[in-house]
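Everything below belongs to model.csv, which stores CSV, C-alpha atoms and all ligand atoms.
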```csv
chain,number,residue,atom,x,y,z
J,1188,MET,CA,-22.0,60.7,7.5
J,1189,SER,CA,-18.3,61.7,7.1
J,1190,SER,CA,-16.2,59.4,5.0
J,1191,LYS,CA,-14.1,58.6,8.1
J,1192,SER,CA,-17.1,57.4,10.1
J,1193,LYS,CA,-18.4,55.5,7.0
J,1194,PHE,CA,-15.1,53.7,6.9
J,1195,ARG,CA,-15.3,52.9,10.6
J,1196,LYS,CA,-18.8,51.5,10.2
J,1197,LEU,CA,-17.7,49.3,7.2
J,1198,ALA,CA,-14.6,48.2,9.1
J,1199,GLY,CA,-16.9,47.3,12.1
J,1200,ILE,CA,-19.2,45.3,9.9
J,1201,SER,CA,-16.4,43.4,8.2
J,1202,ALA,CA,-14.7,42.7,11.5
J,1203,LEU,CA,-18.0,41.3,12.7
J,1204,ALA,CA,-18.5,39.3,9.5
J,1205,PHE,CA,-14.9,38.0,9.8
J,1206,ALA,CA,-15.5,37.0,13.4
J,1207,GLY,CA,-18.7,35.2,12.4
J,1208,LEU,CA,-16.9,33.4,9.5
J,1209,THR,CA,-14.1,32.4,11.8
J,1210,ALA,CA,-16.6,31.0,14.3
J,1211,ALA,CA,-18.4,29.1,11.5
J,1212,ASN,CA,-15.1,27.7,10.3
J,1213,ALA,CA,-14.1,26.7,13.8
J,1214,VAL,CA,-17.5,24.9,14.1
J,1215,ASN,CA,-17.0,23.2,10.7
J,1216,ALA,CA,-13.3,22.4,11.3
J,1217,ALA,CA,-12.9,18.7,12.1
J,1218,ASN,CA,-10.1,16.6,13.4
J,1219,TRP,CA,-9.9,13.5,11.2
J,1220,ARG,CA,-8.2,10.3,12.3
J,1221,TYR,CA,-5.9,8.3,9.9
J,1222,ALA,CA,-4.1,5.1,10.6
J,1223,HIS,CA,-1.5,3.2,8.5
J,1224,GLU,CA,0.7,0.0,8.8
J,1225,GLU,CA,4.2,1.4,8.9
J,1226,TYR,CA,6.8,3.3,10.9
J,1227,GLU,CA,8.1,6.9,10.9
J,1228,GLY,CA,9.5,7.8,7.5
J,1229,ASP,CA,8.3,4.6,5.7
J,1230,VAL,CA,6.4,4.9,2.5
J,1231,GLN,CA,2.9,4.8,4.0
J,1232,ASP,CA,4.0,7.4,6.6
J,1233,VAL,CA,5.3,9.7,3.9
J,1234,TYR,CA,1.9,9.3,2.0
J,1235,ALA,CA,-0.1,10.0,5.2
J,1236,TYR,CA,1.9,13.1,6.1
J,1237,LYS,CA,1.6,14.5,2.5
J,1238,PHE,CA,-2.1,13.9,2.7
J,1239,LYS,CA,-2.2,15.7,6.1
J,1240,GLU,CA,-0.1,18.6,4.7
J,1241,TYR,CA,-2.6,19.1,1.9
J,1242,ILE,CA,-5.7,18.9,4.1
J,1243,GLU,CA,-4.3,21.3,6.7
J,1244,GLU,CA,-2.9,23.8,4.2
J,1245,ASN,CA,-6.2,23.9,2.2
J,1246,SER,CA,-8.8,23.8,5.0
J,1247,ASP,CA,-9.4,24.4,8.7
J,1248,HIS,CA,-9.5,20.6,9.3
J,1249,THR,CA,-6.7,18.8,11.1
J,1250,LEU,CA,-5.5,15.2,10.7
J,1251,GLN,CA,-4.2,13.0,13.4
J,1252,VAL,CA,-1.9,10.2,12.0
J,1253,TYR,CA,-1.5,6.9,13.9
J,1254,ARG,CA,1.5,4.6,12.9
J,1255,PHE,CA,1.9,0.9,13.2
J,1256,GLY,CA,1.2,-0.5,16.6
J,1257,GLU,CA,-0.4,2.7,18.0
J,1258,LEU,CA,-3.8,1.3,17.5
J,1259,GLY,CA,-3.0,-2.4,16.8
J,1260,GLU,CA,-2.2,-4.6,13.8
J,1261,SER,CA,-3.4,-4.0,10.3
J,1262,SER,CA,-6.6,-5.9,10.8
J,1263,ASP,CA,-7.4,-3.8,13.9
J,1264,ILE,CA,-7.1,-0.5,12.1
J,1265,MET,CA,-9.4,-1.8,9.3
J,1266,GLU,CA,-12.0,-2.8,11.9
J,1267,GLN,CA,-11.8,0.6,13.5
J,1268,THR,CA,-12.3,2.3,10.2
J,1269,GLN,CA,-15.3,0.1,9.2
J,1270,ALA,CA,-16.8,0.9,12.7
J,1271,GLY,CA,-16.3,4.6,12.0
J,1272,ILE,CA,-13.8,5.1,14.9
J,1273,LEU,CA,-11.1,6.0,12.3
J,1274,ASN,CA,-11.9,8.2,9.2
J,1275,PHE,CA,-9.1,7.0,7.0
J,1276,VAL,CA,-7.0,3.8,6.8
J,1277,ASN,CA,-4.1,2.7,4.7
J,1278,GLN,CA,-4.3,-1.1,4.5
J,1279,SER,CA,-2.4,-3.2,1.9
J,1280,PRO,CA,-4.2,-5.8,-0.2
J,1281,GLY,CA,-1.9,-8.4,1.5
J,1282,PHE,CA,-4.3,-8.0,4.4
J,1283,THR,CA,-7.4,-6.7,2.7
J,1284,GLY,CA,-7.5,-9.9,0.6
J,1285,ALA,CA,-9.0,-11.7,3.5
J,1286,LEU,CA,-11.9,-9.3,3.4
J,1287,ILE,CA,-12.1,-8.5,-0.3
J,1288,PRO,CA,-10.9,-11.6,-2.2
J,1289,GLU,CA,-10.4,-9.7,-5.5
J,1290,ALA,CA,-7.7,-7.6,-3.8
J,1291,GLN,CA,-5.6,-10.7,-3.9
J,1292,ILE,CA,-5.0,-10.2,-7.6
J,1293,PHE,CA,-1.7,-8.5,-6.7
J,1294,PHE,CA,-0.4,-11.9,-5.5
J,1295,ILE,CA,-0.7,-13.8,-8.8
J,1296,PRO,CA,3.0,-14.1,-9.4
J,1297,TYR,CA,4.6,-12.5,-12.5
J,1298,LEU,CA,1.4,-10.6,-13.4
J,1299,MET,CA,3.0,-7.2,-12.8
J,1300,PRO,CA,6.0,-5.9,-14.8
J,1301,THR,CA,9.2,-5.3,-12.9
J,1302,ASP,CA,10.2,-1.9,-14.3
J,1303,MET,CA,9.0,1.0,-12.2
J,1304,GLU,CA,8.0,3.3,-15.0
J,1305,THR,CA,5.5,0.8,-16.4
J,1306,VAL,CA,4.2,0.0,-13.0
J,1307,VAL,CA,3.6,3.7,-12.2
J,1308,GLU,CA,1.8,4.2,-15.5
J,1309,PHE,CA,-0.3,1.2,-14.8
J,1310,PHE,CA,-1.4,2.7,-11.5
J,1311,ARG,CA,-2.2,6.0,-13.1
J,1312,GLU,CA,-4.1,4.6,-16.1
J,1313,SER,CA,-5.6,1.3,-15.2
J,1314,GLU,CA,-9.4,1.0,-15.4
J,1315,ALA,CA,-9.2,-2.1,-13.1
J,1316,ILE,CA,-7.4,0.0,-10.4
J,1317,ASN,CA,-9.3,3.3,-10.8
J,1318,GLU,CA,-12.8,2.2,-11.7
J,1319,MET,CA,-13.3,-1.5,-10.8
J,1320,PHE,CA,-11.6,-1.6,-7.4
J,1321,PRO,CA,-13.5,1.4,-5.9
J,1322,LYS,CA,-16.8,-0.5,-6.5
J,1323,LEU,CA,-15.4,-3.6,-4.8
J,1324,TYR,CA,-14.3,-1.7,-1.7
J,1325,ALA,CA,-17.6,0.2,-1.6
J,1326,GLN,CA,-19.4,-3.2,-1.0
J,1327,HIS,CA,-17.5,-3.2,2.4
J,1328,GLY,CA,-18.3,0.3,3.4
J,1329,LEU,CA,-15.0,1.7,2.2
J,1330,GLU,CA,-14.4,4.6,-0.1
J,1331,LEU,CA,-11.2,3.7,-1.9
J,1332,LEU,CA,-9.1,6.9,-2.5
J,1333,GLN,CA,-5.8,5.6,-3.8
J,1334,MET,CA,-3.9,2.5,-4.7
J,1335,TYR,CA,-0.2,2.9,-5.0
J,1336,PRO,CA,3.0,0.8,-5.3
J,1337,GLU,CA,5.6,0.7,-2.5
J,1338,GLY,CA,8.4,-1.3,-4.1
J,1339,GLU,CA,9.3,-4.6,-5.8
J,1340,MET,CA,8.9,-7.7,-3.7
J,1341,VAL,CA,12.1,-9.3,-2.6
J,1342,VAL,CA,12.4,-12.7,-0.8
J,1343,THR,CA,14.7,-13.0,2.2
J,1344,ALA,CA,15.7,-16.4,3.5
J,1345,ASP,CA,18.1,-18.3,5.7
J,1346,GLU,CA,20.0,-19.5,2.5
J,1347,PRO,CA,20.2,-18.1,-1.0
J,1348,ILE,CA,17.4,-19.5,-3.3
J,1349,THR,CA,17.7,-20.0,-7.0
J,1350,LYS,CA,15.1,-22.7,-7.8
J,1351,PRO,CA,11.8,-24.0,-6.4
J,1352,ALA,CA,13.4,-27.0,-4.8
J,1353,ASP,CA,15.5,-24.7,-2.6
J,1354,PHE,CA,12.2,-23.7,-0.9
J,1355,ASN,CA,11.5,-27.3,0.2
J,1356,ASN,CA,10.8,-27.5,3.9
J,1357,LYS,CA,11.2,-23.8,4.3
J,1358,LYS,CA,8.4,-22.0,6.2
J,1359,ILE,CA,8.0,-18.6,4.4
J,1360,ARG,CA,5.9,-15.9,6.1
J,1361,VAL,CA,3.2,-14.5,4.0
J,1362,MET,CA,0.7,-11.7,4.8
J,1363,THR,CA,-2.7,-13.1,5.8
J,1364,ASN,CA,-4.5,-13.7,2.6
J,1365,PRO,CA,-5.1,-17.2,1.2
J,1366,LEU,CA,-3.9,-16.5,-2.3
J,1367,LEU,CA,-0.4,-15.6,-1.2
J,1368,SER,CA,-0.2,-18.9,0.6
J,1369,GLU,CA,-1.1,-20.6,-2.8
J,1370,THR,CA,1.8,-18.7,-4.4
J,1371,TYR,CA,4.4,-19.9,-1.9
J,1372,ASP,CA,2.9,-23.4,-2.0
J,1373,ALA,CA,3.3,-23.3,-5.8
J,1374,PHE,CA,6.9,-22.1,-5.4
J,1375,GLY,CA,7.6,-25.2,-3.3
J,1376,ALA,CA,7.7,-23.6,0.2
J,1377,THR,CA,5.5,-24.0,3.3
J,1378,PRO,CA,3.6,-20.8,3.5
J,1379,THR,CA,3.1,-19.4,7.0
J,1380,PRO,CA,0.6,-16.5,7.4
J,1381,LEU,CA,1.5,-14.1,10.1
J,1382,PRO,CA,0.6,-10.5,11.1
J,1383,TRP,CA,3.5,-8.1,10.7
J,1384,GLY,CA,4.2,-7.7,14.5
J,1385,GLU,CA,5.3,-11.4,14.7
J,1386,VAL,CA,7.6,-11.5,11.7
J,1387,TYR,CA,11.0,-10.4,13.2
J,1388,GLY,CA,10.7,-12.6,16.2
J,1389,ALA,CA,9.6,-15.6,14.2
J,1390,LEU,CA,12.7,-15.2,11.9
J,1391,GLN,CA,15.0,-14.7,14.9
J,1392,THR,CA,13.8,-17.9,16.6
J,1393,ASN,CA,13.8,-19.8,13.3
J,1394,MET,CA,10.1,-20.5,13.5
J,1395,ILE,CA,10.1,-19.4,9.9
J,1396,GLN,CA,13.0,-19.4,7.4
J,1397,GLY,CA,12.0,-16.5,5.2
J,1398,GLN,CA,9.5,-13.8,4.1
J,1399,GLU,CA,8.9,-11.3,1.3
J,1400,ASN,CA,8.8,-7.5,1.3
J,1401,PRO,CA,10.1,-4.5,-0.5
J,1402,ILE,CA,13.7,-3.6,0.2
J,1403,PHE,CA,13.0,-0.3,2.0
J,1404,TRP,CA,11.0,-2.4,4.6
J,1405,ILE,CA,13.7,-5.1,4.8
J,1406,GLU,CA,16.0,-2.2,5.7
J,1407,SER,CA,13.8,-0.2,8.0
J,1408,GLY,CA,12.4,-3.2,9.9
J,1409,GLY,CA,15.9,-4.7,10.2
J,1410,LEU,CA,14.8,-7.9,8.6
J,1411,TYR,CA,18.2,-8.5,7.0
J,1412,GLU,CA,19.6,-8.9,10.5
J,1413,VAL,CA,17.6,-12.1,11.0
J,1414,SER,CA,17.1,-13.1,7.3
J,1415,PRO,CA,20.2,-12.1,5.5
J,1416,ASN,CA,19.9,-13.7,2.0
J,1417,LEU,CA,18.1,-11.4,-0.4
J,1418,ILE,CA,16.6,-12.9,-3.5
J,1419,PHE,CA,15.3,-10.8,-6.4
J,1420,THR,CA,12.7,-13.1,-8.0
J,1421,GLY,CA,10.9,-10.4,-10.0
J,1422,HIS,CA,7.5,-11.9,-9.1
J,1423,GLY,CA,5.5,-8.9,-7.9
J,1424,TRP,CA,5.2,-5.5,-6.4
J,1425,PHE,CA,4.1,-4.5,-2.9
J,1426,THR,CA,0.9,-2.6,-3.4
J,1427,THR,CA,-1.1,-0.7,-0.9
J,1428,ALA,CA,-4.3,1.2,-0.7
J,1429,MET,CA,-5.7,4.3,1.2
J,1430,MET,CA,-9.4,4.6,1.9
J,1431,ALA,CA,-12.0,6.3,4.0
J,1432,ASN,CA,-15.0,5.0,6.0
J,1433,GLN,CA,-17.7,5.4,3.4
J,1434,ASP,CA,-20.5,6.8,5.7
J,1435,PHE,CA,-18.0,9.4,6.8
J,1436,TYR,CA,-17.0,10.3,3.3
J,1437,ASN,CA,-20.6,10.4,2.0
J,1438,GLY,CA,-21.5,12.8,4.8
J,1439,LEU,CA,-18.9,15.3,3.7
J,1440,SER,CA,-19.8,18.5,1.8
J,1441,GLU,CA,-19.0,18.5,-1.9
J,1442,GLU,CA,-16.1,20.9,-1.0
J,1443,ASP,CA,-14.6,18.5,1.5
J,1444,LYS,CA,-15.0,15.5,-0.8
J,1445,LYS,CA,-13.0,17.4,-3.4
J,1446,LEU,CA,-10.4,18.4,-0.7
J,1447,VAL,CA,-10.0,14.7,0.3
J,1448,GLN,CA,-9.7,13.6,-3.4
J,1449,ASP,CA,-7.2,16.3,-4.2
J,1450,ALA,CA,-5.2,15.5,-1.0
J,1451,ALA,CA,-5.1,11.8,-2.1
J,1452,ASP,CA,-3.9,12.8,-5.6
J,1453,TYR,CA,-1.3,15.2,-4.1
J,1454,ALA,CA,0.1,12.5,-1.8
J,1455,PHE,CA,0.2,10.0,-4.7
J,1456,GLU,CA,2.4,12.3,-6.8
J,1457,LYS,CA,4.7,12.9,-3.9
J,1458,ILE,CA,5.0,9.2,-3.1
J,1459,LEU,CA,6.0,8.4,-6.7
J,1460,VAL,CA,8.9,10.7,-6.3
J,1461,HIS,CA,9.7,9.2,-2.9
J,1462,ILE,CA,9.9,5.6,-4.1
J,1463,ASP,CA,12.0,6.5,-7.1
J,1464,GLY,CA,15.5,5.2,-6.2
J,1465,LEU,CA,14.4,4.1,-2.7
J,1466,ALA,CA,15.1,0.4,-3.3
J,1467,GLU,CA,18.6,1.1,-4.4
J,1468,GLU,CA,19.3,3.5,-1.5
J,1469,SER,CA,18.0,0.9,1.0
J,1470,LEU,CA,20.0,-1.9,-0.5
J,1471,GLU,CA,23.2,0.2,-0.1
J,1472,LYS,CA,22.3,0.9,3.6
J,1473,ILE,CA,21.8,-2.8,4.2
J,1474,LYS,CA,25.1,-3.7,2.6
J,1475,LYS,CA,26.9,-1.1,4.7
J,1476,ALA,CA,25.2,-2.4,7.9
J,1477,SER,CA,25.9,-6.1,7.4
J,1478,ASP,CA,28.6,-8.4,6.1
J,1479,GLU,CA,26.4,-11.3,6.2
J,1480,VAL,CA,24.0,-10.2,3.6
J,1481,THR,CA,24.0,-12.0,0.2
J,1482,VAL,CA,22.1,-10.7,-2.9
J,1483,THR,CA,20.9,-13.1,-5.5
J,1484,ARG,CA,19.2,-11.9,-8.7
J,1485,LEU,CA,17.6,-14.7,-10.6
J,1486,ASN,CA,18.5,-14.9,-14.2
J,1487,ASP,CA,15.8,-15.4,-17.0
J,1488,GLU,CA,16.1,-19.2,-16.9
J,1489,GLN,CA,15.8,-19.4,-13.1
J,1490,ILE,CA,12.8,-17.0,-13.3
J,1491,GLU,CA,11.1,-19.3,-15.8
J,1492,ALA,CA,11.1,-22.2,-13.3
J,1493,PHE,CA,9.1,-20.0,-10.9
J,1494,LYS,CA,7.0,-18.4,-13.6
J,1495,ALA,CA,5.9,-21.9,-14.8
J,1496,ARG,CA,4.0,-22.2,-11.5
J,1497,ALA,CA,2.0,-19.0,-11.9
J,1498,PRO,CA,-0.9,-20.4,-13.9
J,1499,GLN,CA,-2.0,-22.6,-11.0
J,1500,VAL,CA,-2.2,-19.6,-8.7
J,1501,GLU,CA,-4.2,-17.7,-11.3
J,1502,GLU,CA,-6.7,-20.6,-11.4
J,1503,LYS,CA,-7.0,-20.5,-7.6
J,1504,PHE,CA,-7.7,-16.7,-7.8
J,1505,ILE,CA,-10.6,-17.4,-10.2
J,1506,GLU,CA,-11.8,-20.2,-8.0
J,1507,MET,CA,-11.8,-17.8,-5.0
J,1508,THR,CA,-13.4,-14.9,-6.7
J,1509,GLY,CA,-15.7,-16.2,-9.4
J,1510,GLU,CA,-17.1,-14.0,-12.2
J,1511,SER,CA,-16.2,-10.8,-10.5
J,1512,GLY,CA,-12.6,-11.9,-10.2
J,1513,LYS,CA,-12.5,-13.1,-13.7
J,1514,GLU,CA,-13.7,-9.8,-15.0
J,1515,LEU,CA,-11.2,-7.9,-12.9
J,1516,LEU,CA,-8.4,-10.1,-14.1
J,1517,ASN,CA,-9.3,-9.6,-17.7
J,1518,GLN,CA,-9.4,-5.9,-17.3
J,1519,PHE,CA,-6.1,-5.9,-15.3
J,1520,LYS,CA,-4.4,-7.8,-18.1
J,1521,GLU,CA,-5.9,-5.5,-20.8
J,1522,ASP,CA,-4.7,-2.4,-18.8
J,1523,LEU,CA,-1.2,-4.0,-18.5
J,1524,LYS,CA,-1.0,-4.7,-22.2
J,1525,GLU,CA,-1.8,-1.1,-22.9
J,1526,VAL,CA,0.9,0.4,-20.7
J,1527,GLN,CA,3.4,-2.3,-21.9
J,1528,SER,CA,2.8,-1.5,-25.6
J,1529,ASP,CA,3.6,2.2,-25.1
G,1601,LIG,O1,4.9,-7.3,5.6
G,1601,LIG,C1,4.1,-6.6,6.1
G,1601,LIG,O2,3.2,-7.1,6.8
G,1601,LIG,C2,4.3,-5.1,6.0
G,1601,LIG,N1,5.0,-4.7,4.9
G,1601,LIG,C3,5.0,-3.5,4.4
G,1601,LIG,C4,5.9,-3.1,3.3
G,1601,LIG,N2,4.2,-2.6,4.9
G,1601,LIG,C5,3.2,-2.9,5.9
G,1601,LIG,C6,3.0,-4.4,6.1
G,1601,LIG,O3,2.4,-4.6,7.3
```
Would you put the structure from the file into structure tokens?
Amino acid sequence: MSSKSKFRKLAGISALAFAGLTAANAVNAANWRYAHEEYEGDVQDVYAYKFKEYIEENSDHTLQVYRFGELGESSDIMEQTQAGILNFVNQSPGFTGALIPEAQIFFIPYLMPTDMETVVEFFRESEAINEMFPKLYAQHGLELLQMYPEGEMVVTADEPITKPADFNNKKIRVMTNPLLSETYDAFGATPTPLPWGEVYGALQTNMIQGQENPIFWIESGGLYEVSPNLIFTGHGWFTTAMMANQDFYNGLSEEDKKLVQDAADYAFEKILVHIDGLAEESLEKIKKASDEVTVTRLNDEQIEAFKARAPQVEEKFIEMTGESGKELLNQFKEDLKEVQSD
């Protein structure tokens, strides 16, 4: 055989092999569904799109992202994920706490530090976050892929607040987990659990007199328009979590499991860059947009008055979660000590 026809034959074989491979890839390529709780450009949306970018650049799979409201409230997207209709969901412990009581740990006030660098290191290093929480989520058919911070919690109210007595007779909206209600009860307010979709309207009609959320969300959701007094209490961080339906995850090839884990890590790194400085930028936008807004930063003495009420919430947490919660809390505190001593 001439070298020319040998080449033609080889080219023919490799073209065939290539076509076969492409067909196999097309058969194996999946379209995964992912839902989160926020709007276009918000923190969870940035995370979702970075996750999608990694998956699509490194495989033949595609990812369809659903934002807040497209498939319902936070509790709806969790149900759909547990039922296997969705493959991935980003749900915050503020809502998951009703399903997994230990996830309420993030609502013990003044447990988390306020400075971002320490918080980020905690999320990276913590044994409680990276080893204990995945086991707790697994008991509910969920493969926990990443927990990450979105921003420091800031209270908004109809009047500036500097002491627990200022919360008297104020209905403060909380996400729907019982421990967060205990926190606001301890702070002197009347906690009012509501799903996200009802918050703006309830503030506008004075059904509630305040709520808490990170600044970027107060800006993007326009909450300052109907709840213009911002109070920096330093009592916690808004944390969220991204996970997969566990049967779906367990059914993936080893290669796809690695792809998903790597995509979650990639998006985590990107989100840490995204949230750096975001609160400051959002506060500037709010100040520009409204003359009505006031900003109150509690001083150390004022913070002490709220902090003094934290132990009763911690006790409630242990009451609600038993031995498993106690173990988690001990590890959480140990992990915090380690990052704070660096
Ligand atoms: O307050 C809430 O319900 C919402 N807050 C944030 C920052 N993200 C989603 C959540 O539903």
**Report entry** Shell around Glu1260 of chain J at 9 Å using only C-alpha atoms, local window under 5 positions removed, as a list of chain:residue names
**Finding:** J:Glu1224, J:Phe1255, J:Met1265, J:Pro1382, J:Trp1383, J:Gly1384
Keeping C-alpha atoms for every residue in the selection just given, could you write it to a file as a PDB file, in the coordinates of the input?
```pdb
ATOM      1  CA  GLU J1224       0.700   0.000   8.800  1.00  0.00           C
ATOM      2  CA  PHE J1255       1.900   0.900  13.200  1.00  0.00           C
ATOM      3  CA  MET J1265      -9.400  -1.800   9.300  1.00  0.00           C
ATOM      4  CA  PRO J1382       0.600 -10.500  11.100  1.00  0.00           C
ATOM      5  CA  TRP J1383       3.500  -8.100  10.700  1.00  0.00           C
ATOM      6  CA  GLY J1384       4.200  -7.700  14.500  1.00  0.00           C
TER       7      GLY J1384
END
```
Show which residues sit within 10 Å of Glu1225 of chain J, as a CSV table (one decimal) with C-alpha atoms, keeping the file's coordinate frame. Count all atoms listed in the file, and ignore same-chain residues fewer than 5 positions away.
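Printed below is result.csv as written:
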```csv
chain,number,residue,atom,x,y,z
J,1230,VAL,CA,6.4,4.9,2.5
J,1231,GLN,CA,2.9,4.8,4.0
J,1232,ASP,CA,4.0,7.4,6.6
J,1233,VAL,CA,5.3,9.7,3.9
J,1253,TYR,CA,-1.5,6.9,13.9
J,1254,ARG,CA,1.5,4.6,12.9
J,1255,PHE,CA,1.9,0.9,13.2
J,1256,GLY,CA,1.2,-0.5,16.6
J,1261,SER,CA,-3.4,-4.0,10.3
J,1277,ASN,CA,-4.1,2.7,4.7
J,1278,GLN,CA,-4.3,-1.1,4.5
J,1383,TRP,CA,3.5,-8.1,10.7
J,1404,TRP,CA,11.0,-2.4,4.6
J,1407,SER,CA,13.8,-0.2,8.0
J,1408,GLY,CA,12.4,-3.2,9.9
```
Query raised in the report: Between atom CA of Glu1488 of chain J and atom CA of Lys1520 of chain J, what is the spacing in Å?
Result: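 Between atom CA of Lys1520 of chain J and atom CA of Glu1488 of chain J the gap is 23.5 Å.
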**Report entry** Between atom CA of Phe1455 of chain J and atom N1 of ligand LIG 1601 (chain G) - distance in Å to one decimal
**Finding:**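 Answer for the atom N1 of ligand LIG 1601 (chain G) to atom CA of Phe1455 of chain J separation: 18.2 Å.
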**Report entry** Contacts of Leu1465 of chain J within 7 Å, all atoms listed in the file, excl. fewer than 4 positions in-chain, as a PyMOL selection string
**Finding:** chain J and resi 1403+1461+1469
Query raised in the report: Which one is closest to ligand LIG 1601 (chain G): J:Asp1434, J:Asp1449, J:Glu1468, J:Glu1227? Count only C-alpha atoms and all ligand atoms.
Result: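 Using only C-alpha atoms and all ligand atoms, the shortest distance to ligand LIG 1601 (chain G) belongs to J:Glu1227.
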Query raised in the report: For ligand LIG 1601 (chain G), which residue among J:Phe1275, J:Trp1424, J:Phe1310, J:Tyr1436 is the nearest when counting all atoms listed in the file?
Result: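 Comparing J:Phe1275, J:Trp1424, J:Phe1310, J:Tyr1436 against ligand LIG 1601 (chain G), the winner is J:Trp1424.
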Query raised in the report: Distance atom CA of Glu1441 of chain J-atom CA of Asp1247 of chain J, one decimal place?
Result: 15.5 Å
Query raised in the report: In terms of the shortest atom-to-atom distance over all atoms listed in the file, which of J:Leu1258, J:Leu1286, J:Met1303, J:Leu1390 is closest to Ala1222 of chain J?
Result: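 Closest to Ala1222 of chain J of all the choices is J:Leu1258.
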Query - Contacts of Ile1242 of chain J at 9 Å (all atoms listed in the file; same-chain gap of 5+ positions) as a PyMOL selection string - result: chain J and resi 1237+1247-1250+1446-1447+1449-1450
